[in-house]
Structures are given as C-alpha cells and as structure tokens.
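Novice: Handing over input04.txt, compact mmCIF, C-alpha atoms.
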```txt
# COMPACT_ATOMS: atom_id res chain seq x y z
CA MET A 18 110.29 110.67 48.68
CA ALA A 19 107.59 109.38 51.04
CA PRO A 20 108.82 108.24 54.48
CA TYR A 21 107.93 104.60 53.82
CA GLY A 22 109.30 104.31 50.32
CA GLY A 23 106.45 105.63 48.18
CA LEU A 24 103.81 103.79 46.20
CA ILE A 25 104.68 100.70 44.22
CA ARG A 26 103.29 101.31 40.76
CA PRO A 27 101.32 98.49 39.07
CA GLY A 28 103.41 96.54 36.61
CA THR A 29 106.73 97.60 38.14
CA LEU A 30 107.30 94.52 40.28
CA PRO A 31 109.75 91.99 38.83
CA MET A 32 108.40 88.60 37.82
CA SER A 33 110.27 85.34 37.48
CA ALA A 34 110.32 83.44 34.18
CA ILE A 35 108.07 80.85 35.81
CA LEU A 36 105.35 83.44 36.31
CA LYS A 37 105.66 84.85 32.77
CA ASP A 38 104.85 81.47 31.26
CA SER A 39 101.71 80.86 33.34
CA PRO A 40 98.22 82.26 32.78
CA LEU A 41 97.87 84.41 35.90
CA ARG A 42 95.23 86.73 37.20
CA PHE A 43 93.99 88.56 40.24
CA ARG A 44 90.33 88.26 41.10
CA PRO A 45 88.11 88.86 44.11
CA LEU A 46 87.99 85.98 46.54
CA ARG A 47 84.52 84.43 46.77
CA GLU A 48 82.89 82.16 49.30
CA ARG A 49 83.12 79.22 46.88
CA ASP A 50 86.94 79.62 46.97
CA LEU A 51 87.11 78.92 50.70
CA PRO A 52 87.86 75.17 50.43
CA TRP A 53 91.03 75.98 48.42
CA ILE A 54 91.91 78.90 50.67
CA MET A 55 91.51 76.77 53.80
CA GLU A 56 93.68 74.00 52.36
CA ILE A 57 96.49 76.50 51.70
CA GLU A 58 95.99 78.33 55.01
CA GLN A 59 96.26 75.11 57.02
CA ARG A 60 99.42 74.02 55.22
CA ALA A 61 101.03 77.45 55.47
CA TYR A 62 100.52 78.29 59.14
CA ASP A 63 100.83 76.55 62.49
CA PHE A 64 97.94 78.73 63.71
CA PRO A 65 95.73 79.24 60.63
CA TRP A 66 92.69 81.44 60.31
CA THR A 67 89.38 79.61 60.53
CA GLU A 68 86.89 79.47 57.70
CA GLY A 69 84.62 81.62 59.85
CA ILE A 70 87.21 84.42 59.92
CA PHE A 71 87.39 84.40 56.11
CA ARG A 72 83.58 84.37 55.87
CA ASP A 73 83.38 87.35 58.23
CA CYS A 74 85.93 89.26 56.14
CA LEU A 75 83.87 88.62 53.00
CA ARG A 76 80.62 89.51 54.78
CA VAL A 77 81.85 92.92 56.01
CA GLY A 78 83.31 93.81 52.62
CA TYR A 79 87.05 93.69 53.22
CA CYS A 80 89.30 93.62 50.15
CA CYS A 81 89.69 89.86 49.70
CA TRP A 82 91.65 88.91 46.60
CA LEU A 83 93.34 85.85 45.20
CA TYR A 84 95.93 85.20 42.55
CA GLU A 85 95.22 82.33 40.18
CA GLU A 86 97.85 80.40 38.32
CA ALA A 87 96.55 78.09 35.59
CA GLY A 88 93.12 77.94 37.29
CA SER A 89 94.53 77.15 40.74
CA VAL A 90 94.78 79.47 43.77
CA ALA A 91 98.43 80.40 44.23
CA ALA A 92 98.16 83.32 46.70
CA TYR A 93 95.58 85.41 48.51
CA GLY A 94 95.33 88.52 50.60
CA VAL A 95 92.82 90.16 52.91
CA MET A 96 92.89 93.87 53.72
CA SER A 97 90.57 96.30 55.48
CA VAL A 98 90.45 99.91 54.29
CA GLY A 99 88.88 102.89 56.01
CA TYR A 100 89.52 106.46 57.14
CA GLY A 101 92.68 106.91 55.11
CA GLU A 102 94.30 103.74 56.39
CA ALA A 103 94.57 100.17 55.12
CA HIS A 104 95.45 97.13 57.19
CA VAL A 105 96.79 93.95 55.56
CA LEU A 106 95.28 91.21 57.69
CA ASN A 107 96.41 88.11 55.81
CA LEU A 108 98.82 87.51 52.94
CA CYS A 109 99.60 83.95 51.99
CA VAL A 110 101.31 82.11 49.14
CA ARG A 111 100.77 78.40 48.53
CA PRO A 112 103.86 76.73 50.09
CA GLU A 113 105.03 75.08 46.86
CA SER A 114 104.79 78.42 44.99
CA ARG A 115 106.96 80.45 47.36
CA ARG A 116 110.17 82.21 46.33
CA CYS A 117 108.74 82.96 42.85
CA GLY A 118 107.61 86.55 43.45
CA LEU A 119 103.94 85.80 44.18
CA GLY A 120 103.98 87.37 47.64
CA ARG A 121 105.49 90.51 46.15
CA ARG A 122 102.86 90.61 43.39
CA MET A 123 100.00 90.00 45.84
CA LEU A 124 101.24 92.71 48.17
CA GLY A 125 101.71 95.09 45.24
CA HIS A 126 98.10 94.45 44.23
CA LEU A 127 96.88 95.17 47.77
CA LEU A 128 98.92 98.39 47.90
CA ASP A 129 97.39 99.47 44.60
CA LEU A 130 93.89 98.76 45.97
CA ALA A 131 94.68 100.73 49.13
CA HIS A 132 95.80 103.67 47.01
CA ARG A 133 92.63 103.50 44.89
CA HIS A 134 90.60 103.53 48.14
CA HIS A 135 92.42 106.76 49.15
CA ALA A 136 94.43 105.24 51.99
CA ASP A 137 97.53 107.17 53.02
CA THR A 138 99.14 104.44 55.10
CA VAL A 139 99.14 100.64 55.02
CA LEU A 140 99.76 98.73 58.25
CA LEU A 141 100.37 95.08 58.98
CA GLU A 142 101.62 92.81 61.73
CA VAL A 143 104.28 90.16 61.25
CA ARG A 144 105.97 87.65 63.51
CA PRO A 145 109.63 88.53 64.15
CA SER A 146 110.36 84.84 63.53
CA ASN A 147 108.86 85.01 60.01
CA ARG A 148 112.08 86.17 58.33
CA SER A 149 110.92 85.63 54.75
CA ALA A 150 107.79 87.78 55.26
CA LEU A 151 109.77 90.41 57.16
CA ASP A 152 112.35 90.54 54.35
CA LEU A 153 109.57 90.93 51.77
CA TYR A 154 107.85 93.77 53.61
CA GLN A 155 111.02 95.64 54.47
CA GLY A 156 112.35 95.13 50.94
CA LEU A 157 109.26 96.90 49.59
CA GLY A 158 109.65 99.83 51.97
CA PHE A 159 107.62 98.90 55.04
CA ARG A 160 109.15 100.24 58.25
CA GLU A 161 108.73 99.08 61.84
CA VAL A 162 106.57 101.49 63.84
CA GLY A 163 105.74 99.45 66.93
CA VAL A 164 105.29 96.12 68.68
CA ARG A 165 102.17 94.31 69.86
CA ARG A 166 103.20 92.22 72.86
CA ASP A 167 102.02 88.59 72.96
CA TYR A 168 99.94 89.08 69.80
CA TYR A 169 100.34 85.68 68.12
CA PRO A 170 99.79 82.20 69.54
CA ALA A 171 103.00 80.19 69.52
CA ALA A 172 104.11 76.66 70.30
CA ARG A 173 105.33 77.89 73.70
CA GLY A 174 102.97 80.64 74.80
CA ARG A 175 102.73 83.80 72.71
CA GLU A 176 104.88 85.72 70.23
CA ASP A 177 105.06 89.46 69.75
CA ALA A 178 104.05 91.09 66.47
CA LEU A 179 106.07 93.77 64.76
CA ILE A 180 103.82 96.53 63.42
CA LEU A 181 105.01 97.70 60.01
CA ALA A 182 103.79 100.73 58.07
CA TYR A 183 104.03 101.83 54.47
CA ARG A 184 103.29 105.39 53.39
CA LEU A 185 101.44 105.55 50.07
CA GLY A 186 102.25 108.10 47.37
```
Can I see the file as structure tokens?
Specialist:
Amino acid sequence: MAPYGGLIRPGTLPMSAILKDSPLRFRPLRERDLPWIMEIEQRAYDFPWTEGIFRDCLRVGYCCWLYEEAGSVAAYGVMSVGYGEAHVLNLCVRPESRRCGLGRRMLGHLLDLAHRHHADTVLLEVRPSNRSALDLYQGLGFREVGVRRDYYPAARGREDALILAYRLG
C-alpha cells in the first residue's frame, strides 16, 4: 500500500441520499463563474481569496473545477500540477451544503485529475484550527509532513499551516 493511503478511485466515494437525488456535475471553472465563486468564498472564509487570485489561477492554467448542484455552484477547487507533484490551493464547499460529502467528492475529483496529470504526490496546507477540513483530509489518507510557520492571516496575528501530503497510486 502507498505511504499516504493510495489513490482514491473515481466512483468509490460514498454519497449521501441528498446528493443522489440532485443533478450534479463537475465542470471546469470559468471566468463567468467568478461572481458565484466570490460570494461563496466570502461567506466561507474570514480571509477569502480575492477575485484577482482566482483570475490569475485561470490565466496560468491551474486545474480550476466546480461542482454544480441543480445549476448552482456547490463546491470548487483549485490545484496546480507540475513536475510530478500537485498542490491543492483552494477547496471550498458552499456553507449551507457542508456535511453532505461534497468536499470529499471535490477532493476525490482533484486527486483523479492529479493522477491523470502524472503527479505522484498531492500537497496542501490547512489551518490546525480547521478541524472539519483536517478530518476530511486525514480521513482520505493525507498525512502531516511539515508546518509553515505564520502562514495564514488570523484575527490575532498569524496562524501556522499544517502541510499534508497524499501519495498517489
């Protein structure tokens, strides 16, 4: 077995009954989606990405994907891939759609894309205070490999980031 839990195969992630009843689909994020993305980003985070950051990610060709539920953006993810390594830069689920398996599905999609782009390892940073995200990542096989000191802005100064890694296939 791979040191970080192995590859999550498409279609093997559990879905809730709520998701099974909804018309869902992954599709590439486009510039015209940014108003919806920004609305979710600002509600989800105390220190959200700017629209300019998302535009830059689209411009340089990062893997930018969203998950639609009945024609509405429910989740999105941004990942860079290069030189055998992928880096999940942003993964977000609309606040009212959390705890339904969407984060797991979005991350599974990004891992599949990383594998198709011949990445061996997927990295990401997460706030130690973000227990739900940390539980998701660790539950899927991500393992802590380091710490970035004072990485995130916080209400009182800065917060460290845990660096997590996942070894593909």
Novice: Could you tell me how far atom CA of A:Arg42 sits from atom CA of A:Pro112, in Å to one decimal place?
Specialist: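 For atom CA of A:Pro112 relative to atom CA of A:Arg42, the distance reads 18.5 Å.
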Novice: May I ask for the distance between atom CA of A:Val90 and atom CA of A:Leu119, given in Å to one decimal place?
Specialist: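 Straight-line distance from atom CA of A:Val90 to atom CA of A:Leu119 works out to 11.1 Å.
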Novice: Find the residues around A:Asn107 up to 8 Å (only C-alpha atoms counted), leave out those fewer than 3 positions away in its own chain, and share them as an mmCIF file with C-alpha atoms, keeping the file's coordinate frame.
Specialist:
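Done, and the output landed in part-v8.cif:
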```cif
data_model
loop_
_atom_site.group_PDB
_atom_site.id
_atom_site.type_symbol
_atom_site.label_atom_id
_atom_site.label_comp_id
_atom_site.auth_asym_id
_atom_site.auth_seq_id
_atom_site.Cartn_x
_atom_site.Cartn_y
_atom_site.Cartn_z
ATOM 1 C CA TYR A 93 95.580 85.410 48.510
ATOM 2 C CA GLY A 94 95.330 88.520 50.600
ATOM 3 C CA VAL A 95 92.820 90.160 52.910
ATOM 4 C CA MET A 96 92.890 93.870 53.720
#
```
Novice: Padding 6 Å on each side, edges along x, y and z: where is the centre of the box around the listed atoms of stretch 39-53 of chain A, and how long are its edges in Å to one decimal? Output it as AutoDock Vina command-line options.
Specialist:
```
--center_x 92.3 --center_y 82.0 --center_z 41.7 --size_x 30.8 --size_y 25.7 --size_z 29.9
```
Novice: In the coordinates of the file, take the point (99.1, 94.0, 54.4) and a cut-off of 12 Å; then, counting only C-alpha atoms, name each qualifying protein, DNA or RNA residue as a ChimeraX atom specification.
Specialist: /A:80-82,93-98,102-109,120-121,123-131,138-143,150-151,153-154,157,159,180-183
Novice: What gap, in Å, lies between atom CA of A:Ala92 and atom CA of A:Ser114?
Specialist: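 These atoms are spaced 8.4 Å apart.
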Novice: Using only C-alpha atoms, which of A:Pro65, A:Gly118, A:Pro52, A:Pro45 sits nearest A:Tyr84?
Specialist: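 Among the listed residues, the smallest separation from A:Tyr84 belongs to A:Pro45.
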Novice: Would you please work out which residue, of A:Arg115, A:Arg49, A:His134, A:Arg160, is nearest to A:Leu75 when using all atoms listed in the file?
Specialist: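 Using all atoms listed in the file, A:Leu75 sits closest to A:Arg49.
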